[in-house]
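K.L.:
Questions regarding the structure given below will be posed in turn.
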Amino acid sequence: MRRRYESLIAEAESLGTRVYEFPMESGAKGLLKNNRIGINSAISSLIERTCILAEEVGHVCKTVGDILDQTILANRKQELRSRAWAYRRLISLDDLIRASIAGVRNQYELAQFLDVTEPFLVAALERLRDHHGVAVYHNDYLIQLDPLIVFEPYST
């Protein structure tokens with residue numbers, strides 16, 4: 001898991017953005033400002049920090065300007081693009097197939113297997129459903145996204 005977090009830090013730095021961990025009095029979990037990402041050091045879970053960092057790196061890649069005012073439609077759209085980037089970065093269709101092959105049976109186990117928080121997983125699966133519909137073929141597997149079931153390739 002630490003490797004994933006460090007990989008995201010390296011990715012941010014390759015984009016010219018530094019990552020800092022410090023206590024945030026505002027209670028925010030993460031922020032991006034002036035090519036600096038701040039992660040709230042009060043978050044003890046490395047898994048949660050990784051999910052937050054992925055979204056902040058998504059902001060580096062997908063947003064422009066100050067989007068803090070979420071009453072503005074354009075800002076909400078940019079926020080969604082950043083989150084979608086984070087979901088794709090941490091959870092792929094191949095990951096869902098690997099989890100199924102490994103015998104993962106429920107949402108809790110899937111979040112553990114993928115090293116993401118359950119809320120992040122639920123949102124990522126919802127995004128996959130929005131993008132692909134209720135089912136998608138991927139590498140000869142049928143992945144049903146609602147409810148999540150991975151069907152192995154049919155062989156004769």
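Identifiers in this document derive from the order of the structure tokens: chains are assigned A, B, ..., residues are numbered from 1 separately in each chain, and ligands are numbered from 1 in order of occurrence.
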If you run DSSP over the backbone, which residues in chain A end up strand (DSSP E or B)? Put them as a count of residues only.
P.N.:
27
K.L.:
Please identify the alpha helix (DSSP H) residues within chain A (assignment by DSSP from backbone atoms) and present them as a PyMOL selection string.
P.N.:
chain A and resi 2-14+46-62+73-90+93-101+107-114+118-132
K.L.:
I'd like to know which of A:Thr63, A:His138, A:Ile47, A:Arg129 is closest to Arg76 (chain A), using only C-alpha atoms.
P.N.:
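Of A:Thr63, A:His138, A:Ile47, A:Arg129, the one nearest Arg76 (chain A) is A:Thr63, counting only C-alpha atoms.
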K.L.:
For region 58-84 of chain A versus region 24-41 of chain A, which residues have an atom no more than 9 Å away, and what is each residue's nearest atom pair and distance in Å rounded to one decimal, using only C-alpha atoms, chain-then-number order, as a Markdown table?
P.N.:
```
| residue | atom | partner | partner_atom | distance |
| --- | --- | --- | --- | --- |
| A:His59 | CA | A:Leu32 | CA | 7.4 |
| A:Val60 | CA | A:Leu32 | CA | 7.7 |
| A:Asp66 | CA | A:Lys33 | CA | 8.4 |
```
K.L.:
Quick one: of A:Ser92, A:Asn139, A:Gln144, A:Ser14, who's nearest to Leu114 (chain A), counting only C-alpha atoms?
P.N.:
A:Ser92
K.L.:
Within 9 Å of Tyr87 (chain A), counting only C-alpha atoms, which residues qualify if same-chain residues fewer than 2 places away don't, as a list of chain:residue names?
P.N.:
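Within the cut-off, the hits are A:Cys51, A:Ala54, A:Glu55, A:Ser82, A:Arg83, A:Ala84, A:Trp85, A:Arg89, A:Leu90, A:Ile91, A:Ser92, A:Phe120, A:Leu121, A:Ala123, A:Ala124, A:Leu125, A:Arg127, A:Leu128.
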K.L.:
Any chance you can output those residues with all heavy atoms as a short mmCIF file (atom, residue, chain, number, x, y, z; two decimals), in the first residue's frame?
P.N.:
```cif
data_model
loop_
_atom_site.label_atom_id
_atom_site.label_comp_id
_atom_site.auth_asym_id
_atom_site.auth_seq_id
_atom_site.Cartn_x
_atom_site.Cartn_y
_atom_site.Cartn_z
N CYS A 51 -6.38 7.29 -1.18
CA CYS A 51 -7.59 7.66 -1.94
C CYS A 51 -7.68 9.18 -2.08
O CYS A 51 -8.00 9.70 -3.16
CB CYS A 51 -8.84 7.10 -1.27
SG CYS A 51 -8.95 5.30 -1.30
N ALA A 54 -5.00 10.42 -4.49
CA ALA A 54 -5.37 10.13 -5.88
C ALA A 54 -6.31 11.20 -6.41
O ALA A 54 -6.16 11.67 -7.55
CB ALA A 54 -6.00 8.74 -5.98
N GLU A 55 -7.28 11.59 -5.61
CA GLU A 55 -8.21 12.63 -6.06
C GLU A 55 -7.48 13.97 -6.25
O GLU A 55 -7.73 14.68 -7.23
CB GLU A 55 -9.36 12.80 -5.08
CG GLU A 55 -10.39 13.80 -5.60
CD GLU A 55 -11.59 13.96 -4.69
OE1 GLU A 55 -11.95 13.00 -3.98
OE2 GLU A 55 -12.17 15.05 -4.71
N SER A 82 -12.05 15.03 -11.79
CA SER A 82 -10.92 14.70 -10.91
C SER A 82 -11.16 13.39 -10.17
O SER A 82 -10.27 12.55 -10.06
CB SER A 82 -10.68 15.81 -9.89
OG SER A 82 -10.37 17.00 -10.55
N ARG A 83 -12.36 13.24 -9.67
CA ARG A 83 -12.70 12.00 -8.97
C ARG A 83 -12.67 10.81 -9.92
O ARG A 83 -12.16 9.74 -9.56
CB ARG A 83 -14.07 12.11 -8.31
CG ARG A 83 -14.05 13.02 -7.11
CD ARG A 83 -15.38 13.09 -6.43
NE ARG A 83 -15.32 14.05 -5.34
CZ ARG A 83 -16.34 14.42 -4.63
NH1 ARG A 83 -17.54 13.92 -4.88
NH2 ARG A 83 -16.20 15.30 -3.67
N ALA A 84 -13.21 10.98 -11.12
CA ALA A 84 -13.20 9.90 -12.10
C ALA A 84 -11.76 9.48 -12.41
O ALA A 84 -11.46 8.29 -12.54
CB ALA A 84 -13.94 10.32 -13.37
N TRP A 85 -10.88 10.45 -12.51
CA TRP A 85 -9.46 10.15 -12.75
C TRP A 85 -8.92 9.28 -11.60
O TRP A 85 -8.23 8.29 -11.83
CB TRP A 85 -8.66 11.44 -12.87
CG TRP A 85 -7.23 11.22 -13.23
CD1 TRP A 85 -6.68 11.23 -14.48
CD2 TRP A 85 -6.14 10.92 -12.33
NE1 TRP A 85 -5.34 10.96 -14.42
CE2 TRP A 85 -4.97 10.78 -13.09
CE3 TRP A 85 -6.05 10.79 -10.95
CZ2 TRP A 85 -3.74 10.49 -12.55
CZ3 TRP A 85 -4.81 10.49 -10.39
CH2 TRP A 85 -3.67 10.35 -11.19
N ARG A 89 -7.52 5.51 -11.70
CA ARG A 89 -6.12 5.30 -11.30
C ARG A 89 -5.99 4.18 -10.28
O ARG A 89 -5.02 3.44 -10.29
CB ARG A 89 -5.56 6.61 -10.73
CG ARG A 89 -4.15 6.56 -10.22
CD ARG A 89 -3.15 6.31 -11.34
NE ARG A 89 -1.79 6.55 -10.93
CZ ARG A 89 -1.09 5.77 -10.11
NH1 ARG A 89 -1.63 4.69 -9.60
NH2 ARG A 89 0.15 6.08 -9.82
N LEU A 90 -6.97 4.04 -9.38
CA LEU A 90 -6.85 3.05 -8.31
C LEU A 90 -7.66 1.77 -8.53
O LEU A 90 -7.38 0.77 -7.87
CB LEU A 90 -7.27 3.68 -6.97
CG LEU A 90 -6.40 4.83 -6.46
CD1 LEU A 90 -6.87 5.28 -5.09
CD2 LEU A 90 -4.92 4.46 -6.44
N ILE A 91 -8.64 1.81 -9.45
CA ILE A 91 -9.48 0.62 -9.66
C ILE A 91 -9.74 0.44 -11.15
O ILE A 91 -10.33 1.31 -11.79
CB ILE A 91 -10.84 0.75 -8.93
CG1 ILE A 91 -10.62 0.91 -7.43
CG2 ILE A 91 -11.72 -0.46 -9.22
CD1 ILE A 91 -11.88 1.21 -6.64
N SER A 92 -9.31 -0.68 -11.67
CA SER A 92 -9.52 -0.96 -13.09
C SER A 92 -10.41 -2.20 -13.26
O SER A 92 -10.62 -2.96 -12.30
CB SER A 92 -8.18 -1.21 -13.79
OG SER A 92 -7.62 -2.44 -13.35
N PHE A 120 -14.89 4.96 -1.27
CA PHE A 120 -14.20 5.17 -2.54
C PHE A 120 -14.58 4.07 -3.52
O PHE A 120 -14.88 4.35 -4.69
CB PHE A 120 -12.67 5.20 -2.31
CG PHE A 120 -11.87 5.58 -3.51
CD1 PHE A 120 -11.51 6.90 -3.73
CD2 PHE A 120 -11.46 4.62 -4.43
CE1 PHE A 120 -10.75 7.27 -4.84
CE2 PHE A 120 -10.71 4.98 -5.54
CZ PHE A 120 -10.36 6.31 -5.75
N LEU A 121 -14.60 2.83 -3.06
CA LEU A 121 -14.96 1.70 -3.91
C LEU A 121 -16.39 1.85 -4.44
O LEU A 121 -16.63 1.68 -5.64
CB LEU A 121 -14.84 0.38 -3.14
CG LEU A 121 -15.38 -0.86 -3.86
CD1 LEU A 121 -14.56 -1.16 -5.10
CD2 LEU A 121 -15.41 -2.05 -2.91
N ALA A 123 -18.18 4.54 -4.84
CA ALA A 123 -18.23 5.63 -5.81
C ALA A 123 -17.57 5.23 -7.12
O ALA A 123 -18.07 5.56 -8.21
CB ALA A 123 -17.56 6.88 -5.24
N ALA A 124 -16.47 4.48 -7.05
CA ALA A 124 -15.79 4.04 -8.26
C ALA A 124 -16.65 3.07 -9.06
O ALA A 124 -16.73 3.15 -10.29
CB ALA A 124 -14.46 3.39 -7.91
N LEU A 125 -17.32 2.15 -8.36
CA LEU A 125 -18.20 1.21 -9.05
C LEU A 125 -19.39 1.94 -9.69
O LEU A 125 -19.82 1.60 -10.79
CB LEU A 125 -18.68 0.12 -8.09
CG LEU A 125 -17.61 -0.86 -7.62
CD1 LEU A 125 -18.18 -1.79 -6.55
CD2 LEU A 125 -17.03 -1.65 -8.78
N ARG A 127 -19.30 4.98 -10.80
CA ARG A 127 -18.73 5.65 -11.98
C ARG A 127 -18.55 4.66 -13.13
O ARG A 127 -18.82 4.96 -14.29
CB ARG A 127 -17.39 6.30 -11.61
CG ARG A 127 -16.64 6.87 -12.77
CD ARG A 127 -17.32 8.11 -13.35
NE ARG A 127 -16.56 8.59 -14.47
CZ ARG A 127 -17.04 8.72 -15.71
NH1 ARG A 127 -18.29 8.44 -15.97
NH2 ARG A 127 -16.28 9.14 -16.68
N LEU A 128 -18.10 3.44 -12.81
CA LEU A 128 -17.96 2.41 -13.84
C LEU A 128 -19.32 2.09 -14.46
O LEU A 128 -19.44 1.92 -15.67
CB LEU A 128 -17.33 1.14 -13.26
CG LEU A 128 -15.82 1.17 -13.05
CD1 LEU A 128 -15.37 -0.04 -12.24
CD2 LEU A 128 -15.08 1.24 -14.38
#
```
K.L.:
State, in Å with one decimal place, the distance from CA of Arg98 (chain A) to CA of Leu53 (chain A).
P.N.:
23.8 Å
K.L.:
So what do you get for CA of Leu46 (chain A) versus CA of Leu68 (chain A), distance-wise?
P.N.:
24.9 Å
K.L.:
Would you please work out which residue, of A:Ala135, A:Ile52, A:Val19, A:Asp146, is nearest to Ala86 (chain A) when using only C-alpha atoms?
P.N.:
A:Ile52
K.L.:
Determine the nearest neighbour of Ile101 (chain A) from the options A:Phe22, A:Val64, A:Gln70, A:Pro153, counting only C-alpha atoms.
P.N.:
A:Pro153
K.L.:
What does the distance from CA of Thr50 (chain A) to CA of Arg4 (chain A) come to in Å, to one decimal?
P.N.:
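Separation between CA of Thr50 (chain A) and CA of Arg4 (chain A): 7.3 Å.
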K.L.:
Compare A:Thr71, A:Asp115, A:Tyr154, A:Leu110 by their minimum atom-to-atom distance to Arg2 (chain A), counting only C-alpha atoms, and give me the closest one.
P.N.:
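Selected residue with least distance to Arg2 (chain A): A:Asp115.
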K.L.:
So which one's closest to Glu13 (chain A), A:Met1, A:Cys61, A:Ala74, A:Val116? Using only C-alpha atoms, please.
P.N.:
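For Glu13 (chain A), the nearest of the candidates is A:Cys61.
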K.L.:
Write out as a PDB file with N, CA, C and O atoms, in the first residue's frame each polymer residue whose atoms come within 8 Å of Phe113 (chain A), counting only C-alpha atoms; drop sequence neighbours fewer than 4 positions from it.
P.N.:
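Output below, filename around24.pdb:
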```pdb
ATOM      1  N   ALA A  99      -9.595  -9.719  -8.538  1.00  0.00           N
ATOM      2  CA  ALA A  99     -10.264  -9.926  -7.250  1.00  0.00           C
ATOM      3  C   ALA A  99     -11.190 -11.135  -7.311  1.00  0.00           C
ATOM      4  O   ALA A  99     -11.233 -11.944  -6.374  1.00  0.00           O
ATOM      5  N   VAL A 104     -12.525 -13.085  -3.910  1.00  0.00           N
ATOM      6  CA  VAL A 104     -13.169 -12.003  -3.159  1.00  0.00           C
ATOM      7  C   VAL A 104     -14.683 -12.160  -3.284  1.00  0.00           C
ATOM      8  O   VAL A 104     -15.199 -12.360  -4.387  1.00  0.00           O
ATOM      9  N   GLU A 109     -14.406  -7.170   1.385  1.00  0.00           N
ATOM     10  CA  GLU A 109     -13.216  -7.884   0.922  1.00  0.00           C
ATOM     11  C   GLU A 109     -12.628  -7.224  -0.327  1.00  0.00           C
ATOM     12  O   GLU A 109     -11.404  -7.169  -0.484  1.00  0.00           O
TER      13      GLU A 109
END
```
